[in-house]
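What follows is a set of notes on a single structure, which appears directly below.
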Protein chains: 2
Amino acid sequence: MTPEPVRAVTRAAAILDMFTLETPVLSLTEISRGIGLNKSTTHRLLATLEHLDLLEVDSATRRYRLGLKLFRLGSVVLKSMELVAQAEPLLKRLVEQTEETAFLIVPEKNETLCLKRVDGCHSVRALFLETGKRLPYNAGAGPRALLAHLPEEDWDRVVVHHVQRMTHHSLVTREELARDKAEVHRLGYSLSREDVSLHACAVGAPVREREGRVVAAVSVSGIVQRFSPAQIPLLVAAVVQAAEELSRRLGFVPLGGNRLGGSPPDPDERAAGVG
Amino acid sequence: MTPEPVRAVTRAAAILDMFTLETPVLSLTEISRGIGLNKSTTHRLLATLEHLDLLEVDSATRRYRLGLKLFRLGSVVLKSMELVAQAEPLLKRLVEQTEETAFLIVPEKNETLCLKRVDGCHSVRALFLETGKRLPYNAGAGPRALLAHLPEEDWDRVVVHHVQRMTHHSLVTREELARDKAEVHRLGYSLSREDVSLHACAVGAPVREREGRVVAAVSVSGIVQRFSPAQIPLLVAAVVQAAEELSRRLGFVPLGGNRLGGSPPDPDERAAGVG
DNA sequence: CACCGTAGTTTCGGCAGATGGAACCAACGA
DNA sequence: TCGTTGGTTCCATCTGCCGAAACTACGGTG
């Protein structure tokens with residue numbers, strides 16, 4: 001079916017992948033160890049990547065850093081993604097309404113990726129998650145909102161192989177996550193209580209595109225004190241509203257028109273036949 | 001010296017390079033033609049890149065788009081670049097002072113790259129240049145400010161092989177560009193009069209890092225009507241001030257301390273011995 | 001319906017070219 | 001001076017990449 005991947009390219013990508021927000025500069029030996037390749041091979045690949053402007057090398061320290069070309073390519077991705085464009089004003093409004101920090105989260109492979117963060121005005125706020133950073137599916141309101149809507153087999157794989165415990169509040173067992181999934185489906189939103197970092201809470205809701213598939217999540221997060229029983233309903237309302245509005249802008253038409261109560265229809269089923 | 005680049009990686013990078021802000025989605029045949037490779041080879045590379053999340057393929061139209069991984073990598077670049085972080089508040093202040101749109105431009109290979117744009121408040125403004133977009137060295141105030149400070153051999157190569165005429169005001173001949181270079185050195189800033197797009201003018205000034213090398217340019221641009229002889233000195237003052245402040249923040253210490261008039265020292269010479 | 005043109009996919013044999021072992025440098029500290 | 005660590009270069013081996021060509025799928029057209 002799909003042809004065997006080109007090895008050299010795969011390796012080059014693995015090298016690029018080693019650079020993260022936490023470790024943005026690396027030496028040859030670190031990289032060589034990291035991808036488990038001969039120094040000589042690694043060296044050649046690094047030289048190639050540098051030549052291509054995908055890496056830069058600090059000539060003094062001989063250490064590598066991602067190159068400008070990747071910035072340019074990243075901009076193209078961002079720009080060509082109407083999701084972010086549509087989300088931006090909504091996130092801003094969300095921040096105004098809630099005074100908390102708002103996020104747009106999407107699935108990426110076996111984790112989730114923060115596409116956009118809009119800072120709230122509170123001087124004290126969780127700074128953990130930022131644009132371009134990843135979270136496991138099991139930690140945080142946004143990620144769990146996404147997890148809950150993953151197709152069966154993906155959910156299984158992720159829950160078995162890709163959970164990470166981030167605090168002692170993190171949900172990590174299959175049972176916990178299955179219960180959470182049901183909860184998210186029932187309520188239509190997800191709650192996070194210090195499961196990413198201590199003292200931080202969040203509310204998240206799923207975003208659907210035209211076909212009804214969940215492609216993103218919107219969330220707001222703040223410190224635990226501001227997520228009181230009195231506050232939460234207000235936050236939930238704002239987040240859900242933003243997520244629904246974003247879905248609408250992506251071409252999603254809610255079933256059942258104006259909701260008159262009764263069990264809300266689950267548009268997942270629409271997509272079920274497609275997948 | 002440097003080993004022969006790995007061909008497959010070079011080709012893969014060439015594919016990624018075809019995706020621009022203008023043409024963010026491409027088909028196999030377009031790509032195959034673009035890089036001049038057999039369809040079969042191209043197909044295999046594309047499949048590899050897709051597998052690596054560097055590309056996404058729209059399963060309906062079979063057309064390719066840059067993948068999320070590139071967004072993540074781009075974020076890392078952006079974050080690890082203190083230049084942008086330092087520049088951001090200065091650009092904002094520049095916009096407040098001038099009411100025009102401000103830019104941060106850096107060299108990338110044989111062209112220049114816009115790292116950051118901060119929009120002015122004028123409802124009518126040049127929308128041409130945006131974050132992640134490139135300009136040739138010979139067009140625009142920012143690019144020409146960079147060009148003027150390129151090392152001799154780079155300047156030669158660029159002026160011979162990488163000029164682009166963008167309007168009938170563009171400077172394209174060696175003579176024009178040499179004269180412009182002298183001008184920029186004499187004044188300490190560059191002026192652009194409709195050489196990028198018609199009705200648009202700009203003022204740019206170079207930014208230096210610790211060693212005195214020019215690593216970026218700051219510029220503001222607006223429509224020609226607002227670049228009157230009365231206005232220009234004010235704009236120049238603001239831009240030059242911002243560029244100097246940014247240089248200072250990057251660790252550059254101006255020679256000659258407080259300027260008392262007389263010929264301003266050219267810190268290029270400091271770097272000359274190094275290169 | 002038969003025909004053609006265009007776009008994408010798959011196969012396969014040959015050989016350029018990627019690979020990794022090993023040797024070689026350079027810098028640093030003991 | 002020697003030992004260690006990290007980076008660079010060389011080269012014989014063999015493999016994994018490449019392109020020609022054949023095939024499928026789709027749509028338009030006479």
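Chain labels run A, B, ... following the order of the structure tokens; each chain numbers its residues from 1, and ligands are numbered from 1 in the order shown.
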Within 8 Å of chain A, which residues belong to chain D? Use only C-alpha atoms (C1' of nucleotides) and report them as a list in words. DG6, DG7, DG16 and DC17 of chain D
Using only C-alpha atoms (C1' of nucleotides), which protein or nucleic acid residues come within 12 Å of region 2-13 of chain C? Drop anything in the same chain fewer than 3 positions from it, and give the result as a PDB file with C-alpha atoms (C1' of nucleotides), in the first residue's frame.
```
ATOM      1  CA  MET A   1       0.000   0.000   0.000  1.00  0.00           C
ATOM      2  CA  THR A   2       2.029   2.930   1.254  1.00  0.00           C
ATOM      3  CA  PRO A   3       5.614   2.615   0.085  1.00  0.00           C
ATOM      4  CA  GLU A   4       8.450   2.115   2.529  1.00  0.00           C
TER       5      GLU A   4
ATOM      6  CA  SER B  27      -0.754  18.406  -5.746  1.00  0.00           C
ATOM      7  CA  LEU B  28       1.700  15.645  -6.463  1.00  0.00           C
ATOM      8  CA  THR B  29       2.159  16.656 -10.070  1.00  0.00           C
ATOM      9  CA  GLU B  30       2.743  20.286  -9.215  1.00  0.00           C
ATOM     10  CA  SER B  32       6.941  16.720  -8.991  1.00  0.00           C
ATOM     11  CA  LYS B  39       6.534  11.283 -10.069  1.00  0.00           C
ATOM     12  CA  SER B  40       7.381   7.995  -8.464  1.00  0.00           C
ATOM     13  CA  THR B  41      10.238   9.430  -6.431  1.00  0.00           C
ATOM     14  CA  THR B  42       8.164  12.430  -5.485  1.00  0.00           C
ATOM     15  CA  HIS B  43       5.338  10.217  -4.424  1.00  0.00           C
ATOM     16  CA  ARG B  44       7.566   8.250  -2.137  1.00  0.00           C
ATOM     17  CA  ALA B  47       4.328   9.633   1.549  1.00  0.00           C
ATOM     18  CA  THR B  61      -8.609  16.127  -3.258  1.00  0.00           C
ATOM     19  CA  ARG B  62      -5.279  14.295  -2.804  1.00  0.00           C
ATOM     20  CA  ARG B  63      -3.597  17.606  -2.311  1.00  0.00           C
TER      21      ARG B  63
ATOM     22  C1'  DC D  18      15.753   6.038  -7.841  1.00  0.00           C
ATOM     23  C1'  DG D  19      13.378   6.371 -12.315  1.00  0.00           C
ATOM     24  C1'  DA D  20      11.284   3.865 -16.231  1.00  0.00           C
ATOM     25  C1'  DA D  21       7.404   1.794 -17.120  1.00  0.00           C
ATOM     26  C1'  DA D  22       3.208  -0.379 -16.399  1.00  0.00           C
ATOM     27  C1'  DC D  23      -1.171   0.018 -14.154  1.00  0.00           C
ATOM     28  C1'  DT D  24      -5.459   2.085 -12.076  1.00  0.00           C
ATOM     29  C1'  DA D  25      -8.836   5.563 -11.593  1.00  0.00           C
ATOM     30  C1'  DC D  26     -11.378   9.344 -13.066  1.00  0.00           C
ATOM     31  C1'  DG D  27     -13.572  12.646 -16.176  1.00  0.00           C
ATOM     32  C1'  DG D  28     -14.352  14.773 -20.310  1.00  0.00           C
ATOM     33  C1'  DT D  29     -15.628  14.362 -25.361  1.00  0.00           C
ATOM     34  C1'  DG D  30     -16.758  12.738 -29.884  1.00  0.00           C
TER      35       DG D  30
END
```
Taking 4 positions as the minimum chain separation for residues in the same chain, which residues sit within 12 Å of DA23 (chain C) when counting only C-alpha atoms (C1' of nucleotides)? Answer as a list in words. DT8, DT9, DC10 and DC11 of chain D
Please identify all residues of chain C having at least one atom at most 12 Å from any atom of chain A, considering only C-alpha atoms (C1' of nucleotides), and return them as a ChimeraX atom specification. /C:9-11,17-22,27
File of the preceding selection, N, CA and C atoms (P, O5', C5', C4', C3', O3' and C1' of nucleotides), as a compact mmCIF listing (two decimals), in the first residue's frame:
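Result saved to again.txt:
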```txt
# COMPACT_ATOMS: atom_id res chain seq x y z
P DT C 9 -1.94 8.69 -4.64
O5' DT C 9 -1.50 7.26 -5.19
C5' DT C 9 -2.52 6.32 -5.54
C4' DT C 9 -1.89 5.05 -6.05
C3' DT C 9 -0.80 4.46 -5.16
O3' DT C 9 -1.27 3.19 -4.74
C1' DT C 9 -0.16 4.46 -7.46
P DT C 10 -0.41 2.34 -3.70
O5' DT C 10 0.44 1.38 -4.65
C5' DT C 10 -0.24 0.56 -5.58
C4' DT C 10 0.77 -0.18 -6.44
C3' DT C 10 1.94 -0.80 -5.65
O3' DT C 10 1.89 -2.20 -5.85
C1' DT C 10 2.69 0.36 -7.60
P DT C 11 2.96 -3.16 -5.13
O5' DT C 11 3.92 -3.61 -6.33
C5' DT C 11 3.44 -3.52 -7.66
C4' DT C 11 4.54 -3.85 -8.66
C3' DT C 11 5.75 -4.60 -8.09
O3' DT C 11 6.12 -5.60 -9.02
C1' DT C 11 6.47 -2.62 -9.13
P DG C 17 24.33 9.97 -6.93
O5' DG C 17 24.14 9.60 -5.40
C5' DG C 17 23.01 8.81 -5.01
C4' DG C 17 23.18 8.32 -3.60
C3' DG C 17 24.08 9.21 -2.73
O3' DG C 17 23.63 9.10 -1.40
C1' DG C 17 24.94 7.09 -2.72
P DA C 18 23.13 10.38 -0.64
O5' DA C 18 22.71 9.78 0.77
C5' DA C 18 21.68 8.81 0.80
C4' DA C 18 22.02 7.70 1.75
C3' DA C 18 22.47 8.15 3.14
O3' DA C 18 21.74 7.39 4.08
C1' DA C 18 24.06 6.63 2.21
P DT C 19 21.88 7.68 5.62
O5' DT C 19 22.92 6.55 6.05
C5' DT C 19 22.57 5.20 5.84
C4' DT C 19 23.72 4.31 6.26
C3' DT C 19 24.32 4.67 7.63
O3' DT C 19 24.11 3.59 8.51
C1' DT C 19 26.01 4.27 5.98
P DG C 20 24.12 3.88 10.07
O5' DG C 20 25.50 3.21 10.49
C5' DG C 20 25.77 1.90 10.08
C4' DG C 20 27.23 1.57 10.32
C3' DG C 20 27.76 1.98 11.70
O3' DG C 20 28.80 1.07 12.03
C1' DG C 20 28.98 3.10 10.06
P DG C 21 29.05 0.55 13.45
O5' DG C 21 30.58 0.11 13.39
C5' DG C 21 31.01 -0.72 12.32
C4' DG C 21 32.43 -0.37 11.94
C3' DG C 21 33.37 -0.11 13.13
O3' DG C 21 34.50 -0.97 13.00
C1' DG C 21 33.50 1.66 11.54
P DA C 22 35.64 -0.90 14.12
O5' DA C 22 36.69 0.14 13.54
C5' DA C 22 37.05 0.07 12.17
C4' DA C 22 38.00 1.22 11.86
C3' DA C 22 38.90 1.59 13.03
O3' DA C 22 40.19 1.91 12.54
C1' DA C 22 37.74 3.49 12.31
P DA C 27 41.59 23.80 19.17
O5' DA C 27 40.88 23.44 20.55
C5' DA C 27 39.48 23.18 20.55
C4' DA C 27 39.07 22.70 21.93
C3' DA C 27 39.71 23.49 23.08
O3' DA C 27 38.68 23.86 23.97
C1' DA C 27 40.06 21.17 23.37
```
Please, which residues of region 133-187 of chain B, numbered as in this document, come out helix (DSSP H, G or I) from DSSP, as a VMD selection string? chain B and resid 141 to 147 152 to 161 174 to 187
Counting only C-alpha atoms, which residues of chain B come no farther than 8 Å from chain A, as a VMD selection string? chain B and resid 2 to 6 8 to 10 12 to 13 16 to 17 19 to 21 24 44 to 45 47 to 49 51 to 52 65 to 68 70 to 80 108 to 109 113 131 to 133
Residues within 7 Å of region 201-208 of chain B, only C-alpha atoms (C1' of nucleotides), excluding chain neighbours under 2 positions, as a PyMOL selection string: chain B and resi 140-142+145-146+188-194+199+210+212-224+227+236+239-240+243-244+246-247+252
Residue neighbourhood region 154-157 of chain A, 10 Å, only C-alpha atoms (C1' of nucleotides), exclusion window fewer than 2 positions, as a list in words: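 Within the cut-off, the hits are Lys109, Asn110, Tyr137, Leu146, Leu147, Ala148, His149, Leu150, Pro151, Glu152, Val159, Val160, His161, His162, Val163, Arg174, Leu177, Ala178 and Lys181 of chain A.
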Quick check, in Å to one decimal: how far apart do CA of Gln241 (chain A) and CA of Leu94 (chain A) lie? 9.2 Å
Quote the spacing between CA of Val118 (chain A) and CA of Pro143 (chain A) in Å to one decimal place.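 Straight-line distance from CA of Val118 (chain A) to CA of Pro143 (chain A) works out to 17.0 Å.
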Using only C-alpha atoms (C1' of nucleotides), which protein or nucleic acid residues come within 7 Å of Asn138 (chain A)? Drop anything in the same chain fewer than 6 positions from it, and give the result as a PyMOL selection string. chain A and resi 144+163+171-172
Keeping only all heavy atoms, write the selected residues to a file as a PDB file, in the first residue's frame.
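Listing of selection13.pdb after writing:
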```
ATOM      1  N   ARG A 144      -8.624  16.426  27.343  1.00  0.00           N
ATOM      2  CA  ARG A 144      -9.606  15.384  27.649  1.00  0.00           C
ATOM      3  C   ARG A 144     -10.906  15.571  26.885  1.00  0.00           C
ATOM      4  O   ARG A 144     -11.610  14.603  26.584  1.00  0.00           O
ATOM      5  CB  ARG A 144      -9.829  15.277  29.156  1.00  0.00           C
ATOM      6  CG  ARG A 144      -8.729  14.387  29.790  1.00  0.00           C
ATOM      7  CD  ARG A 144      -9.035  13.978  31.227  1.00  0.00           C
ATOM      8  NE  ARG A 144      -8.764  15.046  32.170  1.00  0.00           N
ATOM      9  CZ  ARG A 144      -9.676  15.845  32.669  1.00  0.00           C
ATOM     10  NH1 ARG A 144     -10.954  15.691  32.355  1.00  0.00           N
ATOM     11  NH2 ARG A 144      -9.347  16.801  33.500  1.00  0.00           N
ATOM     12  N   VAL A 163      -0.521   7.758  27.972  1.00  0.00           N
ATOM     13  CA  VAL A 163      -0.911   8.600  29.108  1.00  0.00           C
ATOM     14  C   VAL A 163       0.343   8.996  29.881  1.00  0.00           C
ATOM     15  O   VAL A 163       1.331   8.273  29.909  1.00  0.00           O
ATOM     16  CB  VAL A 163      -1.880   7.873  30.070  1.00  0.00           C
ATOM     17  CG1 VAL A 163      -3.173   7.546  29.370  1.00  0.00           C
ATOM     18  CG2 VAL A 163      -1.248   6.646  30.654  1.00  0.00           C
ATOM     19  N   LEU A 171      -5.555  11.856  35.750  1.00  0.00           N
ATOM     20  CA  LEU A 171      -6.278  10.623  35.452  1.00  0.00           C
ATOM     21  C   LEU A 171      -5.387   9.768  34.559  1.00  0.00           C
ATOM     22  O   LEU A 171      -4.960  10.224  33.501  1.00  0.00           O
ATOM     23  CB  LEU A 171      -7.582  10.934  34.711  1.00  0.00           C
ATOM     24  CG  LEU A 171      -8.488  11.992  35.332  1.00  0.00           C
ATOM     25  CD1 LEU A 171      -9.776  12.109  34.541  1.00  0.00           C
ATOM     26  CD2 LEU A 171      -8.770  11.687  36.784  1.00  0.00           C
ATOM     27  N   VAL A 172      -5.108   8.546  35.013  1.00  0.00           N
ATOM     28  CA  VAL A 172      -4.183   7.743  34.222  1.00  0.00           C
ATOM     29  C   VAL A 172      -4.678   6.322  33.925  1.00  0.00           C
ATOM     30  O   VAL A 172      -4.271   5.722  32.937  1.00  0.00           O
ATOM     31  CB  VAL A 172      -2.805   7.630  34.909  1.00  0.00           C
ATOM     32  CG1 VAL A 172      -2.090   8.963  34.868  1.00  0.00           C
ATOM     33  CG2 VAL A 172      -2.964   7.136  36.324  1.00  0.00           C
TER      34      VAL A 172
END
```
What gap, in Å, lies between CA of Val95 (chain B) and CA of Asp180 (chain B)?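 We find that CA of Val95 (chain B) and CA of Asp180 (chain B) lie 26.0 Å from each other.
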